[in-house]
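Below is one structure, written out as structure tokens; the observations come after it.
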Amino acid sequence: MTTTSLFSPFTAGKLSLANRIVMAPLTRNRAPNAVPTPLMATYYQQRASAGLLITEATAISHQGQGYADVPGLYAPEQIEGWKRVTRAVHDAGGKIVVQLWHVGRVSHTELQPGGGAPVAPSAIRAKTKTVLIKDGVPTFVETSEPRALALDELPGIVDDYRRAALAAIEAGFDGVEIHAANGYLIDQFLKTGSNQRTDAYGGSIENRARLLLEVTQSVVSAIGGERTGIRLSPVTPANDALDADPQPLFDLVMRELAPMDLAYVHFIEGATGGPREISDRPFDYTALQTTYRTAGGRAAWMVNNGYDLALSEKSLKDGADLVAFGKLFIANPDLVQRLKQGGPFNEPDRTTFYGGSEHGYTDYPALTAA
Ligand code: 8OZ
């Protein structure tokens with residue numbers, strides 16, 4: 001009989017991890033002009049005892065940006081800034097991948113190149129908000145009306161992901177995670193609520209999954225599947241995401257991803273940052289995993305959303321390989337140690353999640369060494 005534990009080492013593709021505890025991607029809006037700062041290096045280094053750190057969502061292009069002060073990975077000064085982060089994490093013995101992000105319609109004209117409209121599969125506005133910084137104060141505003149992407153713009157977007165993946169390796173990352181969740185561009189293409197295209201990228205599930213698969217194949221060709229992960233959220237309502245029939249859609253996605261030999265596949269179960277079960281959006285993750293494994297998929301299975309130690313251990317027994325923790329990692333830089341000894345846990349302060357300084361960022365206390 002095999003025993004699994006959150007604290008045992010694990011290898012996912014090229015990623016040799018000291019434990020199965022992952023720091024989930026967390027948007028913190030502390031990168032003015034989209035350039036990672038030395039303070040960010042401190043923040044990630046403090047959390048380097050996680051088996052794997054996934055960075056906050058990081059724009060692959062200026063067009064892919066949707067919030068004030070989120071970092072990018074498309075300009076030389078951004079790559080230089082990230083080098084400081086990866087060096088700090090590696091010096092502390094940790095592993096770090098960068099989450100590659102295009103927000104699609106979840107943006108605002110003020111954040112777009114030339115003040116243009118955000119782009120989307122279809123010209124349907126998302127009922128959601130984004131963050132602008134007004135007079136130094138983070139302020140929530142409605143997203144702008146998007147324009148539908150022309151067919152001939154899509155190869156350029158796929159190429160932006162490829163170039164960002166290469167930039168990630170140049171910046172010293174151990175790999176990348178493709179952000180295909182939470183109602184951003186790739187998820188907008190996947191789901192019927194945001195995709196009404198009538199070309200090869202809309203309509204059937206094969207067509208709606210096309211952009212996700214092209215992006216993933218392109219990143220895998222550039223840096224290798226063993227350094228590539230992907231994040232999916234089949235039923236989240238985040239950012240106005242909605243699909244009429246997600247189970248067959250994600251079954252197809254997982255069957256197509258199976259031969260790409262990814263390092264890991266990462267699932268937000270239920271509503272992002274909310275309930276794990278949504279009564280009017282049932283979803284069978286176990287069946288999805290069976291589909292993937294039956295199709296020959298060997299990537300590590302990473303789960304996320306509201307996990308504590310007991311639920312993590314149960315999930316590892318039931319077939320998960322890695323567990324990603326979000327809010328707990330914001331407030332507890334030494335979360336691995338705290339989970340190991342059963343607490344105590346600092347409480348996260350929501351008022352400092354998005355934007356601001358070191359307060360609520362790098363000043364959460366670690367346990368003092370006994
Ligand atoms: C919270 C605030 C802004 C962005 C996500 C990248 O939900 C995000 C995000 C979360 O994936």
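Going by the structure tokens order, chains are called A, B, ..., each with residues numbered from 1, while ligands are numbered from 1 in the order shown.
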Report the residues of stretch 65-285 of chain A whose backbone DSSP state falls under strand (DSSP E), written as a VMD selection string. chain A and resid 96 to 101 119 to 120 129 to 134 137 to 142 147 to 148 175 to 179 228 to 232 264 to 268
Hey, which bits of chain A sit within 6 Å of ligand 1, and for each residue what's the closest pair of atoms and how far apart in Å (one decimal), counting only C-alpha atoms and all ligand atoms, rows by chain and increasing number, as a Markdown table?
```
| residue | atom | partner | partner_atom_place_in_ligand_line | distance |
| --- | --- | --- | --- | --- |
| A:Thr27 | CA | ligand 1 | 9 (C) | 5.2 |
| A:Ala57 | CA | ligand 1 | 6 (C) | 5.0 |
| A:Asn182 | CA | ligand 1 | 11 (O) | 5.2 |
```
I need the chosen residues saved as an mmCIF file, in the first residue's frame, with N, CA, C and O atoms.
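Result written to result-v8.cif:
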```cif
data_model
loop_
_atom_site.group_PDB
_atom_site.id
_atom_site.type_symbol
_atom_site.label_atom_id
_atom_site.label_comp_id
_atom_site.auth_asym_id
_atom_site.auth_seq_id
_atom_site.Cartn_x
_atom_site.Cartn_y
_atom_site.Cartn_z
ATOM 1 N N THR A 27 -2.910 37.370 -7.795
ATOM 2 C CA THR A 27 -2.722 38.735 -8.292
ATOM 3 C C THR A 27 -2.570 39.696 -7.118
ATOM 4 O O THR A 27 -3.387 39.707 -6.205
ATOM 5 N N ALA A 57 -0.599 36.041 -12.102
ATOM 6 C CA ALA A 57 -0.838 36.085 -13.541
ATOM 7 C C ALA A 57 -0.025 37.219 -14.154
ATOM 8 O O ALA A 57 0.027 38.325 -13.615
ATOM 9 N N ASN A 182 -10.713 31.107 -15.227
ATOM 10 C CA ASN A 182 -11.242 32.339 -14.628
ATOM 11 C C ASN A 182 -11.763 33.393 -15.597
ATOM 12 O O ASN A 182 -11.710 34.598 -15.313
#
```
Per residue of stretch 199-278 of chain A within 12 Å of stretch 136-154 of chain A, which atom pair is closest and at what distance in Å (one decimal), using only C-alpha atoms, listed by chain and increasing number, as a Markdown table?
```
| residue | atom | partner | partner_atom | distance |
| --- | --- | --- | --- | --- |
| A:Asp199 | CA | A:Leu151 | CA | 7.9 |
| A:Ala200 | CA | A:Leu151 | CA | 8.6 |
| A:Tyr201 | CA | A:Leu151 | CA | 8.4 |
| A:Gly202 | CA | A:Leu151 | CA | 10.9 |
| A:Arg210 | CA | A:Leu154 | CA | 10.6 |
| A:Leu211 | CA | A:Leu154 | CA | 8.0 |
| A:Leu212 | CA | A:Leu154 | CA | 11.2 |
| A:Glu214 | CA | A:Leu154 | CA | 9.8 |
| A:Val215 | CA | A:Leu154 | CA | 9.9 |
| A:Asn239 | CA | A:Thr143 | CA | 9.9 |
| A:Asp240 | CA | A:Thr143 | CA | 11.2 |
```
Check the smallest atom-to-atom distance from each of A:Ser16, A:Ser221, A:Gln46, A:Ser107 to A:Asp363 using only C-alpha atoms, then report the winner. A:Gln46
Residues near A:Asn195, anyone? I mean within 9 Å using only C-alpha atoms, not counting same-chain ones fewer than 6 positions away, as number ranges by chain. A: 120-124, 188-189, 201-203, 208
Which polymer residues have any atom within 12 Å of an atom of stretch 88-93 of chain A, counting only C-alpha atoms, with same-chain residues fewer than 2 positions away left out, as a ChimeraX atom specification? /A:16-18,37-55,81-86,95-97,172-174
Between atom CA of A:Ala209 and atom CA of A:Gly104, measure the distance and give it in Å to one decimal.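 Value for the atom CA of A:Ala209-atom CA of A:Gly104 distance: 15.4 Å.
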Tell me which protein, DNA and RNA residues are within 10 Å of A:Arg350, counting only C-alpha atoms, leaving out same-chain ones fewer than 2 positions away, and put them as a list in words.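 The residues satisfying every condition are Lys327, Ile330, Glu347, Pro348, Thr352, Phe353, Tyr354 and Gly360 of chain A.
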